[in-house]
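Okay, start10.cif is below, mmCIF, C-alpha atoms:
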```cif
data_start
loop_
_atom_site.label_atom_id
_atom_site.label_comp_id
_atom_site.auth_asym_id
_atom_site.auth_seq_id
_atom_site.Cartn_x
_atom_site.Cartn_y
_atom_site.Cartn_z
CA ILE A 19 -50.93 -128.62 -187.05
CA ASN A 20 -47.60 -127.04 -186.06
CA ARG A 21 -48.97 -125.84 -182.73
CA TRP A 22 -50.20 -129.34 -181.97
CA ILE A 23 -46.72 -130.68 -182.65
CA SER A 24 -45.28 -128.03 -180.35
CA TRP A 25 -47.67 -129.13 -177.58
CA TYR A 26 -46.88 -132.81 -178.24
CA LEU A 27 -43.15 -132.22 -177.87
CA ARG A 28 -43.60 -130.16 -174.70
CA ALA A 29 -45.81 -132.93 -173.29
CA ILE A 30 -42.98 -135.40 -173.93
CA GLN A 31 -40.44 -133.05 -172.41
CA HIS A 32 -42.43 -132.55 -169.21
CA GLN A 33 -43.69 -136.16 -169.07
CA ARG A 34 -47.21 -134.79 -168.91
CA TYR A 35 -48.91 -138.16 -168.66
CA SER A 36 -46.26 -140.15 -166.79
CA GLY A 37 -46.14 -141.09 -163.13
CA SER A 38 -48.57 -140.13 -160.40
CA GLY A 39 -51.63 -138.27 -161.65
CA GLY A 40 -50.99 -139.12 -165.30
CA ASP A 41 -54.45 -140.61 -165.89
CA ALA A 42 -56.11 -137.57 -164.33
CA LYS A 43 -54.15 -135.26 -166.62
CA ILE A 44 -55.26 -137.30 -169.63
CA ASP A 45 -58.87 -136.84 -168.57
CA ILE A 46 -58.33 -133.09 -168.10
CA ASP A 47 -56.73 -132.65 -171.51
CA VAL A 48 -59.25 -134.84 -173.34
CA LYS A 49 -61.99 -132.72 -171.85
CA VAL A 50 -60.26 -129.61 -173.19
CA VAL A 51 -60.30 -131.03 -176.70
CA ASP A 52 -63.87 -132.38 -176.50
CA GLU A 53 -65.66 -129.69 -174.54
CA TYR A 54 -63.57 -126.58 -174.05
CA ARG A 55 -65.07 -123.43 -175.52
CA PRO A 56 -62.26 -120.91 -175.15
CA PRO A 57 -62.45 -117.16 -175.28
CA GLU A 58 -61.36 -115.52 -178.49
CA TYR A 59 -57.80 -115.00 -177.27
CA MET A 60 -57.20 -118.69 -176.38
CA SER A 61 -57.63 -121.76 -178.57
CA PRO A 62 -57.86 -125.33 -177.23
CA ILE A 63 -54.21 -125.93 -178.08
CA ASP A 64 -53.26 -122.78 -176.16
CA ARG A 65 -55.21 -124.15 -173.20
CA LEU A 66 -53.36 -127.48 -173.39
CA ILE A 67 -49.99 -125.73 -173.45
CA THR A 68 -51.08 -123.51 -170.56
CA ASN A 69 -52.03 -126.64 -168.61
CA ILE A 70 -48.41 -127.80 -168.86
CA LYS A 71 -47.10 -124.39 -167.89
CA GLU A 72 -49.40 -124.20 -164.87
CA THR A 73 -48.02 -127.46 -163.47
CA LYS A 74 -44.37 -127.00 -164.45
CA GLY A 75 -43.92 -123.23 -164.29
CA ASN A 76 -41.51 -122.94 -167.19
CA LEU A 77 -41.91 -124.63 -170.55
CA ASP A 78 -38.27 -124.38 -171.58
CA LEU A 79 -35.82 -127.22 -171.13
CA SER A 80 -32.93 -126.28 -168.84
CA PRO A 81 -29.21 -127.14 -169.20
CA ASP A 82 -29.38 -128.97 -165.86
CA GLU A 83 -32.07 -131.28 -167.22
CA VAL A 84 -29.84 -132.09 -170.19
CA LEU A 85 -26.84 -132.61 -167.93
CA GLY A 86 -28.79 -135.20 -165.96
CA ALA A 87 -30.37 -136.93 -168.97
CA ASN A 88 -29.62 -140.64 -169.22
CA VAL A 89 -29.18 -142.19 -172.65
CA SER A 90 -32.26 -144.39 -172.62
CA ILE A 91 -35.45 -144.66 -174.66
CA SER A 92 -37.33 -144.02 -171.42
CA ASN A 93 -35.68 -140.63 -170.95
CA ASN A 94 -37.74 -137.68 -172.16
CA VAL A 95 -34.78 -135.41 -172.98
CA TYR A 96 -32.97 -138.14 -174.91
CA ASN A 97 -36.12 -138.83 -176.92
CA LEU A 98 -36.42 -135.15 -177.83
CA TYR A 99 -32.75 -135.05 -178.85
CA ASN A 100 -33.38 -138.00 -181.17
CA VAL A 101 -36.47 -136.42 -182.73
CA MET A 102 -34.63 -133.14 -183.28
CA LEU A 103 -31.65 -134.88 -184.84
CA ARG A 104 -33.88 -136.88 -187.15
CA CYS A 105 -35.52 -133.70 -188.37
CA LYS A 106 -32.08 -132.21 -189.02
CA SER A 107 -30.96 -135.39 -190.82
CA ALA A 108 -27.73 -136.14 -188.95
CA LYS A 109 -24.59 -136.50 -191.03
CA ASP A 110 -21.94 -139.16 -190.68
CA TRP A 111 -18.57 -138.09 -189.25
CA LEU A 112 -16.53 -140.19 -191.68
CA ARG A 113 -18.24 -139.51 -195.00
CA GLY A 114 -20.47 -136.52 -194.38
CA THR A 115 -23.52 -138.35 -195.71
CA THR A 116 -26.95 -138.37 -194.06
CA PHE A 117 -27.51 -141.53 -192.04
CA PHE A 118 -30.10 -140.65 -189.38
CA PRO A 119 -32.69 -141.00 -190.67
CA PRO A 120 -31.39 -142.67 -193.83
CA VAL A 121 -32.41 -141.00 -197.05
CA LYS A 122 -32.74 -144.15 -199.14
CA ASP A 123 -31.49 -147.28 -197.39
CA LEU A 124 -33.73 -147.99 -194.40
CA SER A 125 -31.37 -150.72 -193.21
CA LEU A 126 -28.90 -148.01 -192.19
CA ILE A 127 -31.17 -146.93 -189.38
CA GLU A 128 -30.21 -150.07 -187.47
CA LYS A 129 -26.58 -148.94 -187.53
CA ALA A 130 -27.14 -145.75 -185.57
CA GLN A 131 -25.44 -146.03 -182.20
CA ASP A 132 -24.82 -143.96 -179.10
CA HIS A 133 -21.20 -142.91 -178.97
CA HIS A 134 -19.20 -141.69 -175.95
CA ILE A 135 -17.37 -138.54 -177.03
CA PHE A 136 -14.92 -138.99 -174.17
CA PRO A 137 -14.68 -142.81 -174.28
CA VAL A 138 -15.28 -145.20 -171.42
CA ALA A 139 -11.87 -146.71 -172.16
CA LYS A 140 -10.25 -143.40 -171.13
CA LYS A 141 -12.42 -142.71 -168.08
CA ASN A 142 -9.57 -143.29 -165.63
CA GLU A 143 -7.44 -140.76 -167.51
CA VAL A 144 -10.23 -138.22 -167.20
CA ILE A 145 -10.38 -138.90 -163.47
CA ALA A 146 -6.60 -138.55 -163.20
CA ALA A 147 -6.95 -135.13 -164.87
CA GLY A 148 -9.05 -134.00 -161.89
CA GLN A 149 -12.40 -134.12 -163.65
CA ASP A 150 -15.75 -135.14 -162.15
CA VAL A 151 -17.06 -138.19 -164.04
CA TYR A 152 -20.42 -138.52 -162.28
CA ARG A 153 -22.22 -137.66 -165.54
CA TYR A 154 -19.85 -139.56 -167.81
CA ASP A 155 -22.64 -141.58 -169.44
CA ALA A 156 -25.15 -138.73 -169.68
CA LEU A 157 -26.33 -137.08 -172.90
CA PRO A 158 -23.74 -134.24 -172.98
CA ASN A 159 -21.00 -136.87 -173.42
CA ARG A 160 -22.91 -138.83 -176.04
CA ALA A 161 -23.54 -138.44 -179.75
CA ILE A 162 -25.49 -140.42 -182.34
CA VAL A 163 -23.23 -141.89 -184.99
CA ASP A 164 -23.31 -144.86 -187.31
CA ALA A 165 -21.73 -148.16 -186.30
CA GLU A 166 -18.60 -147.75 -188.42
CA THR A 167 -17.90 -144.33 -186.95
CA ASN A 168 -18.38 -145.63 -183.42
CA LYS A 169 -15.96 -148.46 -184.12
CA ARG A 170 -13.36 -146.16 -185.72
CA PHE A 171 -13.35 -143.50 -183.02
CA GLY A 172 -14.77 -145.42 -180.07
CA LYS A 173 -11.67 -145.73 -177.87
CA LYS A 174 -10.00 -142.46 -178.84
CA LEU A 175 -10.04 -139.23 -176.87
CA PRO A 176 -11.84 -136.41 -178.73
CA ILE A 177 -8.60 -134.48 -179.18
CA GLU A 178 -7.39 -137.44 -181.27
CA TYR A 179 -10.26 -137.50 -183.76
CA LEU A 180 -12.64 -134.52 -183.51
CA PRO A 181 -10.23 -132.00 -185.10
CA GLU A 182 -10.24 -134.18 -188.21
CA VAL A 183 -14.04 -134.31 -188.25
CA ALA A 184 -14.27 -130.56 -187.58
CA ASN A 185 -12.01 -129.90 -190.55
CA SER A 186 -13.80 -132.26 -192.95
CA PHE A 187 -17.44 -132.08 -191.86
CA PRO A 188 -17.96 -129.18 -189.44
CA LYS A 189 -21.75 -129.18 -189.87
CA ALA A 190 -21.89 -132.81 -188.74
CA LEU A 191 -20.52 -131.67 -185.37
CA GLU A 192 -22.47 -128.43 -185.20
CA GLU A 193 -25.81 -130.20 -185.65
CA GLN A 194 -24.96 -132.25 -182.53
CA TYR A 195 -23.80 -129.14 -180.66
CA ILE A 196 -20.16 -130.16 -180.48
CA PRO A 197 -17.75 -127.18 -180.62
CA LEU A 198 -15.22 -127.02 -183.45
CA GLU A 199 -12.23 -125.56 -181.57
CA PRO A 200 -9.67 -128.22 -180.49
CA LYS A 201 -9.15 -126.50 -177.14
CA ASN A 202 -12.56 -127.87 -176.10
CA TYR A 203 -11.43 -131.46 -176.61
CA GLN A 204 -8.66 -131.46 -174.01
CA ILE A 205 -9.05 -134.01 -171.23
CA THR A 206 -8.74 -131.23 -168.66
CA LYS A 207 -11.79 -129.53 -170.23
CA PHE A 208 -14.16 -132.48 -169.75
CA ASN A 209 -16.44 -130.85 -167.16
CA GLU A 210 -16.49 -127.56 -169.05
CA PHE A 211 -17.28 -129.47 -172.24
CA LEU A 212 -20.29 -131.14 -170.58
CA ARG A 213 -21.64 -127.87 -169.16
CA ASN A 214 -21.28 -126.00 -172.44
CA ARG A 215 -22.77 -128.76 -174.53
CA ALA A 216 -25.69 -129.20 -172.09
CA HIS A 217 -26.40 -125.48 -172.45
CA ASN A 218 -26.26 -125.67 -176.25
CA ILE A 219 -28.41 -128.79 -176.47
CA ALA A 220 -31.04 -127.21 -174.23
CA ASN A 221 -31.12 -124.10 -176.40
CA GLY A 222 -31.28 -126.23 -179.52
CA ILE A 223 -34.20 -128.34 -178.31
CA ASN A 224 -36.09 -125.25 -177.14
CA GLU A 225 -35.55 -123.56 -180.51
CA PHE A 226 -36.62 -126.73 -182.29
CA ILE A 227 -39.89 -126.97 -180.33
CA ASN A 228 -40.57 -123.24 -180.59
CA SER A 229 -40.08 -123.40 -184.35
CA PHE A 230 -43.43 -125.14 -184.61
CA ASP A 231 -45.08 -121.92 -183.53
CA GLU A 232 -44.16 -120.70 -187.00
CA ASP A 233 -45.68 -121.63 -190.34
CA LEU A 234 -43.19 -124.26 -191.45
CA ASP A 235 -43.25 -127.05 -194.00
CA ILE A 236 -43.22 -130.18 -191.84
CA SER A 237 -43.96 -132.69 -194.57
CA ALA A 238 -40.43 -134.11 -194.42
CA PHE A 239 -40.24 -134.38 -190.63
CA GLN A 240 -40.23 -137.86 -189.11
CA PHE A 241 -41.39 -138.61 -185.58
CA ASP A 242 -40.53 -142.24 -185.03
CA PHE A 243 -39.76 -143.42 -181.51
CA LYS A 244 -39.60 -147.08 -182.56
CA ASN A 245 -36.21 -146.83 -184.28
CA LEU A 246 -33.98 -145.04 -181.81
CA PRO A 247 -30.19 -145.49 -181.92
CA ILE A 248 -28.77 -148.67 -180.49
CA GLU A 249 -26.66 -148.23 -177.38
CA SER A 250 -23.43 -149.95 -178.24
CA GLU A 251 -22.74 -153.08 -176.26
CA ASN A 252 -19.01 -152.44 -176.25
CA MET A 253 -17.27 -150.31 -173.66
CA PHE A 254 -16.45 -147.36 -175.91
#
```

Transcribe the structure of this file into structure tokens.
Amino acid sequence: INRWISWYLRAIQHQRYSGSGGDAKIDIDVKVVDEYRPPEYMSPIDRLITNIKETKGNLDLSPDEVLGANVSISNNVYNLYNVMLRCKSAKDWLRGTTFFPPVKDLSLIEKAQDHHIFPVAKKNEVIAAGQDVYRYDALPNRAIVDAETNKRFGKKLPIEYLPEVANSFPKALEEQYIPLEPKNYQITKFNEFLRNRAHNIANGINEFINSFDEDLDISAFQFDFKNLPIESENMF
């Protein structure tokens, strides 16, 4: 089943069945499952993955795709980031406890929010520092946190709060590909921060998908696209 999950995630990544020609691709892939009699060296799932590769060229997610990813449930990269983070069981930045997905209290899932690492309230300061803010709202400047954390840190620059989180709960930052060194949080490092984090997120998602090529225990993994984080209505 792991290989099927790997194909499923790659299909999401490459929007295999979206847009023009999506219905035709469904017909092609259904036919593979129903009728394909592969040679010994290729199984039906290998054929499905090859179908994606033949239309896209490269299966791997690129840093540029992450850099351009909008924070929206309709965005394929954002959806993959959510799935990956759920499987890792994201930890809260204030208490270090798992909140996404919640271990016991399912009501906590409604408190997961998208958080601007460099806040909207400080956007003009980032501009004044000579930084390009075209991708200010994109995934590399966003993290999934609980509502209390978003409220506590929402209007602060990362240099004002991330060193504290890095000291108390470093793994909570590492699992969201946020560097631990304070030098990365400077306002003059905004564009470098985005590029580096986009690179790390892309590598992380590729490693996550490729891990299903291995014989792993996936019984605890949750793939739920119906309970994605809530994009905060405030201007953090």

Output of the PyMOL selection byres ((chain A and resi 178) around 12), listed as a PyMOL selection string: chain A and resi 135-137+170-177+179-184+200-201+203-205

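Nearest residue to Glu83 of chain A among A:Asn221, A:Ala216, A:Tyr195, A:Gly114 is A:Ala216, counting only C-alpha atoms.
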
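Here atom CA of Ser92 of chain A and atom CA of Cys105 of chain A stand 19.9 Å from one another.
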
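Here the question is which of A:Tyr26, A:Asn142, A:Arg21, A:Asp45 gets nearest to Ser61 of chain A using all atoms listed in the file, and that residue is A:Arg21.
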
Residues matched by the PyMOL selection byres ((chain A and resi 110) around 9) as an mmCIF file with C-alpha atoms, in the frame of the given file:
```
data_model
loop_
_atom_site.group_PDB
_atom_site.id
_atom_site.type_symbol
_atom_site.label_atom_id
_atom_site.label_comp_id
_atom_site.auth_asym_id
_atom_site.auth_seq_id
_atom_site.Cartn_x
_atom_site.Cartn_y
_atom_site.Cartn_z
ATOM 1 C CA ALA A 108 -27.730 -136.140 -188.950
ATOM 2 C CA LYS A 109 -24.590 -136.500 -191.030
ATOM 3 C CA TRP A 111 -18.570 -138.090 -189.250
ATOM 4 C CA LEU A 112 -16.530 -140.190 -191.680
ATOM 5 C CA ARG A 113 -18.240 -139.510 -195.000
ATOM 6 C CA GLY A 114 -20.470 -136.520 -194.380
ATOM 7 C CA THR A 115 -23.520 -138.350 -195.710
ATOM 8 C CA THR A 116 -26.950 -138.370 -194.060
ATOM 9 C CA PHE A 117 -27.510 -141.530 -192.040
ATOM 10 C CA PHE A 118 -30.100 -140.650 -189.380
ATOM 11 C CA VAL A 163 -23.230 -141.890 -184.990
ATOM 12 C CA ASP A 164 -23.310 -144.860 -187.310
ATOM 13 C CA THR A 167 -17.900 -144.330 -186.950
ATOM 14 C CA PHE A 187 -17.440 -132.080 -191.860
ATOM 15 C CA ALA A 190 -21.890 -132.810 -188.740
#
```

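Checking A:Val151, A:Val144, A:Ala130, A:Ile67 one by one against Glu166 of chain A, counting all atoms listed in the file, you find the shortest gap at A:Ala130.
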
- Message: I'd like to see the residues matched by the PyMOL selection byres ((chain A and resi 218) around 12) on this file, and ideally I'd get them as a PyMOL selection string.
- Response: chain A and resi 79-82+84-85+99+157-158+192-197+211-217+219-225

Expressed in Å, the length from atom CA of Asn88 of chain A to atom CA of Asn168 of chain A is 18.8 Å

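One finds atom CA of Val89 of chain A at 16.7 Å from atom CA of His32 of chain A.
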
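Considering the residues A:Ile227, A:Leu66, A:Ala147, A:Ile46 and counting all atoms listed in the file, Leu27 of chain A has its shortest atom-to-atom contact with A:Ile227.
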
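Restricting the calculation to only C-alpha atoms, the smallest distance between Arg160 of chain A and any of A:Ser229, A:Asn202, A:Thr73, A:Gln131 is found for A:Gln131.
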
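Between Phe226 of chain A and the residues A:Asp78, A:Ala29, A:Ser36, A:Val51, the shortest atom-to-atom distance, using all atoms listed in the file, involves A:Asp78.
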